[in-house]
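Structure file coords_9.txt (compact mmCIF, C-alpha atoms) is printed below.
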# COMPACT_ATOMS: atom_id res chain seq x y z
CA MET A 1 -49.53 -42.88 -12.23
CA GLY A 2 -46.77 -42.27 -9.73
CA GLU A 3 -43.04 -41.75 -9.95
CA VAL A 4 -40.67 -41.77 -7.05
CA ASP A 5 -38.45 -38.73 -7.06
CA VAL A 6 -34.77 -38.94 -6.22
CA ASP A 7 -35.47 -37.29 -2.88
CA GLY A 8 -38.04 -39.94 -2.08
CA THR A 9 -41.16 -37.86 -2.52
CA GLU A 10 -43.96 -39.16 -4.65
CA VAL A 11 -44.65 -37.01 -7.67
CA THR A 12 -47.95 -37.67 -9.31
CA VAL A 13 -47.69 -37.45 -13.05
CA SER A 14 -50.58 -37.84 -15.40
CA GLU A 15 -51.61 -36.97 -18.90
CA HIS A 16 -55.18 -37.85 -18.22
CA GLU A 17 -57.97 -36.02 -16.62
CA PRO A 18 -58.02 -36.91 -12.92
CA SER A 19 -61.29 -38.55 -11.99
CA THR A 20 -61.62 -36.49 -8.83
CA THR A 21 -61.80 -33.16 -10.62
CA THR A 22 -64.94 -31.84 -12.19
CA SER A 23 -63.48 -30.75 -15.46
CA ASP A 24 -65.91 -28.06 -16.54
CA LYS A 25 -65.98 -26.10 -13.28
CA PRO A 26 -63.38 -24.06 -11.43
CA ALA A 27 -61.39 -25.99 -8.86
CA PRO A 28 -63.48 -26.27 -5.69
CA GLY A 29 -62.80 -23.43 -3.28
CA ALA A 30 -60.81 -21.39 -5.80
CA ASP A 31 -59.53 -18.40 -3.83
CA VAL A 32 -58.19 -16.32 -6.65
CA GLU A 33 -58.93 -16.36 -10.33
CA VAL A 34 -56.83 -14.45 -12.83
CA ARG A 35 -57.77 -14.10 -16.46
CA ILE A 36 -55.22 -12.65 -18.86
CA ALA A 37 -54.78 -12.45 -22.60
CA ALA A 38 -52.67 -15.48 -23.51
CA SER A 39 -49.52 -13.44 -24.06
CA PRO A 40 -46.13 -13.64 -22.36
CA ALA A 41 -46.44 -9.93 -21.56
CA HIS A 42 -48.93 -10.67 -18.76
CA LEU A 43 -47.12 -13.64 -17.24
CA SER A 44 -45.58 -11.52 -14.52
CA VAL A 45 -49.05 -10.86 -13.08
CA VAL A 46 -49.71 -14.57 -12.61
CA ARG A 47 -46.21 -15.11 -11.17
CA ALA A 48 -46.72 -12.28 -8.71
CA VAL A 49 -50.06 -13.69 -7.55
CA ALA A 50 -48.50 -17.14 -7.10
CA ALA A 51 -45.61 -15.76 -5.07
CA ASP A 52 -47.82 -13.55 -2.92
CA LEU A 53 -50.29 -16.33 -2.08
CA ALA A 54 -47.49 -18.76 -1.23
CA MET A 55 -45.72 -16.16 0.90
CA ARG A 56 -48.87 -15.37 2.88
CA ALA A 57 -49.64 -19.09 3.25
CA ASP A 58 -46.22 -19.27 4.97
CA PHE A 59 -44.58 -21.54 2.41
CA THR A 60 -40.81 -21.99 2.75
CA LEU A 61 -38.75 -19.67 0.55
CA ASP A 62 -37.85 -22.68 -1.62
CA ALA A 63 -41.50 -23.64 -2.06
CA ILE A 64 -42.51 -20.05 -2.88
CA SER A 65 -39.87 -19.85 -5.58
CA ASP A 66 -40.69 -23.33 -6.91
CA LEU A 67 -44.39 -22.54 -7.21
CA LYS A 68 -43.61 -19.29 -8.99
CA MET A 69 -41.41 -21.05 -11.55
CA ALA A 70 -43.87 -23.94 -12.00
CA VAL A 71 -46.71 -21.51 -12.66
CA ASP A 72 -44.48 -19.68 -15.11
CA GLU A 73 -43.63 -22.92 -16.91
CA ALA A 74 -47.23 -24.18 -17.12
CA CYS A 75 -48.53 -20.81 -18.30
CA SER A 76 -45.75 -20.45 -20.88
CA GLU A 77 -46.70 -23.86 -22.27
CA LEU A 78 -50.37 -22.84 -22.40
CA ILE A 79 -49.57 -19.50 -24.04
CA SER A 80 -47.39 -21.13 -26.69
CA ARG A 81 -50.27 -23.46 -27.62
CA SER A 82 -53.07 -20.96 -27.28
CA VAL A 83 -55.34 -20.04 -30.16
CA PRO A 84 -54.71 -16.48 -31.45
CA ASP A 85 -56.29 -13.83 -29.21
CA GLY A 86 -57.17 -16.50 -26.66
CA ASP A 87 -57.42 -16.10 -22.91
CA LEU A 88 -55.50 -17.84 -20.16
CA VAL A 89 -57.52 -18.52 -17.03
CA CYS A 90 -55.67 -19.32 -13.80
CA ARG A 91 -57.18 -20.39 -10.52
CA PHE A 92 -55.38 -20.63 -7.21
CA SER A 93 -56.73 -22.30 -4.09
CA VAL A 94 -54.93 -22.32 -0.79
CA GLU A 95 -55.86 -25.66 0.76
CA GLY A 96 -54.28 -26.00 4.18
CA GLU A 97 -50.70 -27.12 3.64
CA GLN A 98 -50.80 -26.83 -0.12
CA ILE A 99 -51.67 -24.56 -3.00
CA HIS A 100 -53.62 -25.93 -5.91
CA PHE A 101 -53.12 -24.17 -9.23
CA ALA A 102 -55.28 -24.82 -12.27
CA ALA A 103 -54.90 -23.09 -15.60
CA GLU A 104 -56.46 -23.50 -19.00
CA ALA A 105 -56.41 -22.02 -22.48
CA ALA A 106 -58.15 -22.81 -25.74
CA THR A 107 -55.65 -24.57 -28.00
CA THR A 108 -55.42 -25.66 -31.57
CA THR A 109 -54.17 -29.16 -30.83
CA VAL A 110 -55.61 -32.19 -29.07
CA VAL A 111 -52.18 -33.45 -28.06
CA PRO A 112 -51.13 -32.56 -24.50
CA PRO A 113 -47.50 -31.58 -23.78
CA SER A 114 -45.10 -34.51 -23.89
CA ARG A 115 -44.03 -36.18 -20.66
CA GLU A 116 -40.56 -36.55 -22.10
CA SER A 117 -39.98 -32.84 -22.65
CA PHE A 118 -37.64 -30.66 -20.66
CA GLY A 119 -40.59 -28.49 -19.65
CA TRP A 120 -42.32 -31.50 -18.13
CA ARG A 121 -39.14 -32.42 -16.29
CA VAL A 122 -39.07 -28.91 -14.85
CA LEU A 123 -42.71 -29.11 -13.75
CA THR A 124 -42.33 -32.47 -12.01
CA ALA A 125 -39.19 -31.30 -10.22
CA LEU A 126 -40.87 -28.12 -8.99
CA THR A 127 -44.25 -29.47 -7.85
CA ASP A 128 -45.68 -32.25 -5.72
CA SER A 129 -48.22 -33.20 -8.34
CA VAL A 130 -48.85 -32.16 -11.91
CA ASN A 131 -51.41 -33.11 -14.53
CA THR A 132 -52.16 -31.88 -17.99
CA TRP A 133 -54.89 -32.96 -20.35
CA VAL A 134 -57.06 -31.77 -23.21
CA VAL A 135 -60.85 -31.47 -23.04
CA PRO A 136 -63.33 -30.54 -25.75
CA GLY A 137 -63.90 -26.79 -25.87
CA PRO A 138 -66.76 -24.65 -27.14
CA GLY A 139 -67.40 -24.63 -30.87
CA GLY A 140 -65.60 -27.91 -31.52
CA GLY A 141 -62.29 -26.53 -30.22
CA HIS A 142 -60.00 -27.88 -27.56
CA VAL A 143 -58.98 -26.65 -24.13
CA LEU A 144 -55.62 -27.55 -22.63
CA ARG A 145 -55.49 -27.73 -18.85
CA PHE A 146 -52.74 -27.77 -16.30
CA ASP A 147 -53.35 -28.72 -12.74
CA LEU A 148 -50.61 -28.64 -10.17
CA VAL A 149 -50.16 -28.87 -6.43
CA LYS A 150 -47.33 -27.45 -4.35
CA LYS A 151 -46.93 -28.27 -0.66
CA ARG A 152 -45.83 -25.76 1.95
CA ALA A 153 -42.47 -27.39 2.60
CA ASP A 154 -40.27 -30.00 0.98
CA ASP A 155 -39.53 -33.16 2.88
CA VAL A 156 -35.82 -32.59 2.83
CA VAL A 157 -33.49 -35.45 3.41
CA GLY A 158 -29.84 -35.02 4.27
CA LEU A 159 -28.94 -31.39 3.65
CA MET B 1 -6.58 11.15 -10.99
CA THR B 2 -3.25 11.63 -12.80
CA GLN B 3 -1.99 13.76 -9.97
CA SER B 4 -2.90 11.33 -7.23
CA SER B 5 -1.42 8.46 -9.23
CA GLU B 6 1.88 10.27 -9.51
CA ARG B 7 1.95 11.02 -5.86
CA ALA B 8 0.99 7.44 -5.12
CA THR B 9 3.72 6.13 -7.39
CA ASN B 10 6.25 7.81 -5.18
CA ASP B 11 4.60 6.52 -2.06
CA TYR B 12 4.77 2.96 -3.27
CA ALA B 13 8.07 3.03 -5.16
CA HIS B 14 9.72 0.88 -2.49
CA LEU B 15 7.40 -2.00 -3.47
CA ASP B 16 8.61 -2.19 -7.07
CA PRO B 17 11.35 -4.73 -6.23
CA VAL B 18 8.79 -6.84 -4.37
CA LEU B 19 6.49 -6.82 -7.39
CA ALA B 20 9.39 -7.78 -9.63
CA GLU B 21 10.37 -10.58 -7.29
CA LEU B 22 6.83 -11.95 -7.13
CA ALA B 23 6.50 -11.88 -10.90
CA GLY B 24 9.78 -13.80 -11.19
CA LEU B 25 8.76 -16.65 -8.88
CA ASP B 26 7.46 -19.98 -10.10
CA ALA B 27 3.74 -20.55 -9.70
CA ASP B 28 4.29 -23.10 -6.93
CA ASP B 29 7.04 -21.26 -5.08
CA PRO B 30 6.15 -21.22 -1.37
CA ARG B 31 7.40 -17.62 -1.06
CA ARG B 32 4.59 -16.39 -3.33
CA THR B 33 2.03 -16.32 -0.55
CA GLU B 34 4.22 -14.26 1.72
CA LEU B 35 5.10 -11.69 -0.98
CA ARG B 36 1.53 -11.51 -2.21
CA ASP B 37 0.19 -10.93 1.31
CA ARG B 38 2.71 -8.17 1.89
CA LEU B 39 1.80 -6.45 -1.38
CA VAL B 40 -1.92 -6.68 -0.71
CA THR B 41 -1.43 -5.19 2.75
CA GLU B 42 0.81 -2.38 1.56
CA PHE B 43 -1.33 -1.45 -1.44
CA LEU B 44 -4.56 -1.67 0.55
CA PRO B 45 -4.85 2.15 0.86
CA VAL B 46 -5.16 2.31 -2.95
CA ALA B 47 -8.14 -0.07 -2.86
CA GLN B 48 -9.66 1.84 0.05
CA HIS B 49 -9.23 5.12 -1.79
CA ILE B 50 -11.03 3.79 -4.86
CA ALA B 51 -13.80 2.30 -2.70
CA ARG B 52 -14.35 5.73 -1.13
CA ARG B 53 -14.64 7.31 -4.56
CA PHE B 54 -17.51 4.93 -5.29
CA GLY B 55 -19.20 5.58 -1.96
CA GLN B 56 -22.53 7.37 -1.57
CA ARG B 57 -24.16 5.12 -4.13
CA GLY B 58 -26.10 2.98 -1.74
CA GLU B 59 -23.64 0.11 -1.38
CA PRO B 60 -22.19 -0.58 2.07
CA HIS B 61 -18.67 0.83 2.34
CA ASP B 62 -17.21 -2.43 3.70
CA ASP B 63 -18.53 -4.30 0.68
CA LEU B 64 -16.90 -1.82 -1.65
CA VAL B 65 -13.56 -2.14 0.14
CA GLN B 66 -13.79 -5.92 -0.21
CA VAL B 67 -14.59 -5.69 -3.90
CA ALA B 68 -11.77 -3.20 -4.47
CA THR B 69 -9.46 -5.57 -2.61
CA VAL B 70 -10.48 -8.43 -4.90
CA GLY B 71 -9.51 -6.15 -7.79
CA LEU B 72 -6.20 -5.34 -6.12
CA ILE B 73 -5.37 -9.02 -5.62
CA SER B 74 -6.14 -9.79 -9.23
CA ALA B 75 -3.97 -6.84 -10.32
CA ILE B 76 -1.08 -8.11 -8.19
CA ASP B 77 -1.46 -11.60 -9.65
CA ARG B 78 -1.61 -10.40 -13.24
CA PHE B 79 0.94 -7.59 -13.15
CA ASP B 80 3.92 -8.10 -15.45
CA PRO B 81 6.75 -5.64 -14.62
CA THR B 82 8.64 -6.57 -17.79
CA ARG B 83 6.01 -4.78 -19.86
CA GLY B 84 7.42 -1.48 -18.67
CA SER B 85 4.35 0.15 -17.14
CA ASP B 86 4.30 0.90 -13.45
CA PHE B 87 2.06 -1.08 -11.14
CA LEU B 88 -0.43 1.63 -10.23
CA SER B 89 -1.28 2.57 -13.78
CA PHE B 90 -2.14 -1.10 -14.25
CA ALA B 91 -3.81 -1.66 -10.87
CA VAL B 92 -6.06 1.40 -10.67
CA PRO B 93 -8.10 0.58 -13.81
CA THR B 94 -8.22 -3.09 -12.76
CA ILE B 95 -9.59 -2.20 -9.32
CA MET B 96 -12.05 0.31 -10.74
CA GLY B 97 -13.22 -2.29 -13.24
CA GLU B 98 -13.89 -4.72 -10.41
CA VAL B 99 -15.90 -2.14 -8.47
CA ARG B 100 -17.88 -1.17 -11.57
CA ARG B 101 -18.62 -4.83 -12.22
CA HIS B 102 -19.86 -5.12 -8.66
CA PHE B 103 -22.29 -2.26 -9.22
CA ARG B 104 -23.48 -3.81 -12.43
CA ASP B 105 -23.92 -7.30 -10.97
CA THR B 106 -25.16 -6.56 -7.50
CA SER B 107 -27.17 -3.43 -7.34
CA TRP B 108 -30.77 -2.49 -7.01
CA SER B 109 -32.46 -2.34 -10.39
CA VAL B 110 -34.99 0.19 -9.12
CA ARG B 111 -34.67 2.78 -6.40
CA VAL B 112 -35.43 1.11 -3.08
CA PRO B 113 -35.60 2.97 0.25
CA ARG B 114 -32.74 2.37 2.66
CA ARG B 115 -35.06 0.72 5.19
CA LEU B 116 -36.02 -1.95 2.65
CA LYS B 117 -32.39 -2.50 1.68
CA GLU B 118 -31.57 -3.15 5.30
CA LEU B 119 -34.57 -5.43 5.61
CA HIS B 120 -33.40 -7.33 2.55
CA LEU B 121 -29.92 -7.74 4.00
CA ALA B 122 -31.34 -8.89 7.35
CA ILE B 123 -33.60 -11.44 5.64
CA THR B 124 -30.77 -12.77 3.50
CA GLY B 125 -28.60 -13.24 6.57
CA ALA B 126 -31.39 -14.83 8.59
CA THR B 127 -32.27 -17.15 5.70
CA ASN B 128 -28.73 -18.48 5.56
CA GLU B 129 -28.62 -18.94 9.31
CA LEU B 130 -32.03 -20.61 9.62
CA SER B 131 -31.40 -22.89 6.63
CA GLN B 132 -28.29 -24.25 8.36
CA HIS B 133 -30.29 -24.78 11.51
CA LEU B 134 -33.48 -26.21 10.00
CA GLY B 135 -31.97 -28.17 7.13
CA ARG B 136 -34.43 -26.50 4.76
CA ALA B 137 -35.43 -23.00 3.70
CA PRO B 138 -37.27 -20.99 6.38
CA THR B 139 -40.82 -19.69 6.04
CA PRO B 140 -41.73 -15.99 6.37
CA SER B 141 -43.08 -16.54 9.88
CA GLU B 142 -39.86 -18.26 10.96
CA LEU B 143 -37.91 -15.31 9.58
CA ALA B 144 -40.18 -12.88 11.43
CA THR B 145 -39.69 -14.70 14.73
CA HIS B 146 -35.95 -14.96 14.23
CA LEU B 147 -35.53 -11.28 13.38
CA GLY B 148 -38.08 -10.01 15.91
CA ILE B 149 -40.09 -8.20 13.23
CA THR B 150 -43.63 -8.61 11.96
CA LYS B 151 -44.61 -10.94 9.15
CA ASP B 152 -45.73 -7.93 7.11
CA GLU B 153 -42.23 -6.54 7.34
CA VAL B 154 -40.83 -9.86 6.11
CA TYR B 155 -43.27 -9.75 3.19
CA GLU B 156 -42.09 -6.25 2.37
CA GLY B 157 -38.47 -7.33 2.53
CA LEU B 158 -39.06 -10.37 0.32
CA GLU B 159 -40.85 -8.22 -2.24
CA ALA B 160 -38.01 -5.70 -2.17
CA SER B 161 -35.61 -8.57 -2.86
CA ASN B 162 -37.13 -8.91 -6.30
CA ALA B 163 -35.53 -5.58 -7.16
CA TYR B 164 -32.05 -6.79 -6.24
CA ARG B 165 -29.73 -8.40 -8.72
CA SER B 166 -27.57 -10.27 -6.28
CA SER B 167 -27.72 -10.84 -2.58
CA SER B 168 -24.34 -10.53 -1.04
CA LEU B 169 -20.78 -9.74 -1.66
CA ASP B 170 -19.84 -13.22 -0.51
CA GLU B 171 -21.32 -14.49 -3.74
CA LEU B 172 -18.94 -12.35 -5.73
CA LEU B 173 -15.99 -13.54 -3.69
CA VAL B 174 -16.98 -17.18 -4.07
CA GLY B 175 -17.42 -16.56 -7.77
CA THR B 176 -13.79 -15.50 -8.10
CA ASP B 177 -12.43 -18.39 -6.07
CA LYS B 178 -10.85 -20.75 -8.57
CA SER B 179 -10.71 -23.52 -6.00
CA VAL B 180 -14.47 -23.97 -6.30
CA SER B 181 -14.94 -25.96 -9.47
CA LEU B 182 -18.59 -26.13 -10.29
CA GLY B 183 -17.88 -28.62 -13.01
CA ASP B 184 -17.07 -31.11 -10.28
CA ALA B 185 -20.66 -30.98 -9.10
CA LEU B 186 -21.75 -33.19 -11.96
CA GLY B 187 -19.96 -35.14 -14.65
CA ASP B 188 -19.41 -33.77 -18.12
CA ASP B 189 -21.66 -36.15 -19.97
CA ASP B 190 -24.88 -35.25 -18.19
CA PRO B 191 -26.31 -38.78 -18.31
CA GLU B 192 -29.32 -37.27 -16.56
CA LEU B 193 -30.29 -35.73 -19.86
CA MET B 194 -30.94 -39.17 -21.33
CA GLY B 195 -34.65 -39.62 -21.50
CA VAL B 196 -35.38 -35.99 -22.29
CA GLU B 197 -36.73 -36.13 -25.82
CA ASN B 198 -35.51 -32.74 -26.95
CA ARG B 199 -32.07 -33.21 -25.43
CA GLU B 200 -30.45 -32.68 -28.85
CA ALA B 201 -31.80 -29.16 -28.70
CA LEU B 202 -31.27 -28.80 -24.97
CA GLN B 203 -27.67 -29.98 -24.76
CA PRO B 204 -26.12 -27.14 -26.79
CA LEU B 205 -28.25 -24.60 -24.92
CA LEU B 206 -27.00 -25.97 -21.61
CA GLN B 207 -23.42 -25.94 -22.87
CA GLN B 208 -23.74 -22.26 -23.73
CA LEU B 209 -24.79 -21.36 -20.21
CA PRO B 210 -22.26 -19.97 -17.76
CA GLU B 211 -20.95 -22.89 -15.73
CA ARG B 212 -22.70 -21.80 -12.55
CA GLU B 213 -26.12 -21.44 -14.19
CA ARG B 214 -25.71 -24.78 -15.93
CA THR B 215 -24.76 -26.49 -12.69
CA ILE B 216 -27.74 -25.01 -10.89
CA ILE B 217 -30.14 -26.18 -13.62
CA LEU B 218 -28.72 -29.70 -13.58
CA LEU B 219 -28.73 -29.97 -9.79
CA ARG B 220 -32.29 -28.67 -9.49
CA PHE B 221 -34.01 -30.48 -12.35
CA PHE B 222 -31.88 -33.57 -12.83
CA GLY B 223 -30.30 -33.98 -9.41
CA ASN B 224 -33.50 -32.99 -7.61
CA LEU B 225 -31.71 -30.92 -4.99
CA THR B 226 -33.70 -28.12 -3.39
CA GLN B 227 -32.65 -24.51 -3.91
CA THR B 228 -31.37 -24.39 -0.35
CA GLN B 229 -29.24 -27.50 -0.89
CA ILE B 230 -27.85 -26.00 -4.10
CA ALA B 231 -27.15 -22.71 -2.32
CA ASP B 232 -25.27 -24.65 0.34
CA ARG B 233 -23.29 -26.65 -2.20
CA ILE B 234 -22.30 -23.70 -4.38
CA GLY B 235 -21.87 -21.15 -1.65
CA ILE B 236 -24.38 -18.52 -2.72
CA SER B 237 -27.66 -17.51 -1.09
CA GLN B 238 -30.97 -19.30 -1.68
CA MET B 239 -32.42 -16.08 -3.08
CA HIS B 240 -29.60 -15.86 -5.56
CA VAL B 241 -30.16 -19.49 -6.64
CA SER B 242 -33.84 -18.67 -7.04
CA ARG B 243 -33.10 -15.67 -9.24
CA LEU B 244 -30.54 -17.50 -11.38
CA LEU B 245 -32.87 -20.49 -11.85
CA ALA B 246 -35.83 -18.38 -12.89
CA ARG B 247 -33.77 -16.31 -15.30
CA THR B 248 -32.02 -19.33 -16.82
CA LEU B 249 -35.30 -21.20 -17.30
CA VAL B 250 -36.68 -18.28 -19.28
CA ASP B 251 -33.56 -18.24 -21.47
CA LEU B 252 -33.73 -22.01 -22.04
CA ARG B 253 -37.39 -21.83 -22.90
CA LYS B 254 -36.73 -19.09 -25.46
CA GLY B 255 -33.87 -21.14 -26.89
CA LEU B 256 -35.97 -24.29 -27.20
CA LEU B 257 -38.84 -22.39 -28.81
CA SER B 258 -36.59 -20.87 -31.44
CA GLU B 259 -35.40 -24.32 -32.53
Rewrite the structure of this file - the entire thing - as structure tokens.
Amino acid sequence: MGEVDVDGTEVTVSEHEPSTTTSDKPAPGADVEVRIAASPAHLSVVRAVAADLAMRADFTLDAISDLKMAVDEACSELISRSVPDGDLVCRFSVEGEQIHFAAEAATTTVVPPSRESFGWRVLTALTDSVNTWVVPGPGGGHVLRFDLVKKRADDVVGL
Amino acid sequence: MTQSSERATNDYAHLDPVLAELAGLDADDPRRTELRDRLVTEFLPVAQHIARRFGQRGEPHDDLVQVATVGLISAIDRFDPTRGSDFLSFAVPTIMGEVRRHFRDTSWSVRVPRRLKELHLAITGATNELSQHLGRAPTPSELATHLGITKDEVYEGLEASNAYRSSSLDELLVGTDKSVSLGDALGDDDPELMGVENREALQPLLQQLPERERTIILLRFFGNLTQTQIADRIGISQMHVSRLLARTLVDLRKGLLSE
């Protein structure tokens, strides 16, 4: 499902599991995996990793900052829906001109975040592609996933 | 302080009639500019003196003089001689307040070595310059090439920037310029918010934001401008836009959660 952004870039938006991703394995070629207790107190660690990877992958300053905020937003959403004492697992892969971020947490609900929410608006504005979906988890529970891609530079038109 | 004020009062007594004249002019009187300029120039040593008192705290002296001068100008504009107090006893606290505000708004939140402060300043300057040239934000390697330093040094400087609350004095000066109306950037009704399901909760939160933060949020998430484009439009640095955006998003998220 695609939407054309105001600046002309295609933002992929989906609530469904993308067919190209193997859902029960880490993203292929995951460079860095961070596991934290699903608590806002540890969010800064994930943000710092995001910013550092993007900086060293020579992303533009805009893209570094966007990725950092997008990761923050996705993780905040996951933390707010996490089961008590749950974990948040984040995986980063630097793939050429883009960084792929995948994160998941066990949740109590089967309903993924709404596409009409402000948070979703923020995520689509900050990333080149974003997906979120729910898969069955261990013990009859549910796991909410976020999957997003940020490119090295924006295709800027008319500054 | 009392002593120097008294001495200063004598030094500047000849300006009292000028102050009275300025205060008596209509807001659109063409002579205002001339009188105001003269007063700013003549009282400048007061601003410089206060800036020196705040020296040795890690802020560049020139910046402090500029901030103190902003305070002086606002004191000249607001001074009312009919209230009976003399100008300096009104101006000195006003100027000191401006300088204190500068330290609060634009200082390092943790102790950062001088070398990193200079690196931060150099990177901020180079970012502005390269953004103009490239039409987008630069990358660390472009900054390194431009500044003739290594990429590792750029990384260090960017990390140090996280400890800074604001990037440049220019931002403060732009912030006090009434001619820049941020409200003009977007209409009042925020039609962009239509289609956001929790806009009933979001709208009041946005309205509570300072105008600049609100404008930045709307331009970034509803106008789809990049941070660099917003920085250009509003006249602050990209790094400052980045900081304001991140901070405001956290506040909005908290506000929406508490609904």
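Distance annotation: of A:Arg56, A:His142, A:His100, A:Lys150, the residue with the minimal separation from chain B is A:Arg56; atom set is only C-alpha atoms.
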Open item on the list: Would you mind listing, as a ChimeraX atom specification, all residues of chain B that have at least one atom within 7 Å of chain A, where all atoms listed in the file are what counts?
Closed with: /B:135-141,195-198,221,224,227-229,242,246
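You will find atom CA of Ala102 of chain A at 15.7 Å from atom CA of Ser82 of chain A.
Note that atom CA of Leu15 of chain B and atom CA of Phe43 of chain B are 9.0 Å apart.
The gap separating atom CA of Arg81 of chain A from atom CA of Pro136 of chain A is 15.0 Å, in Å to one decimal.
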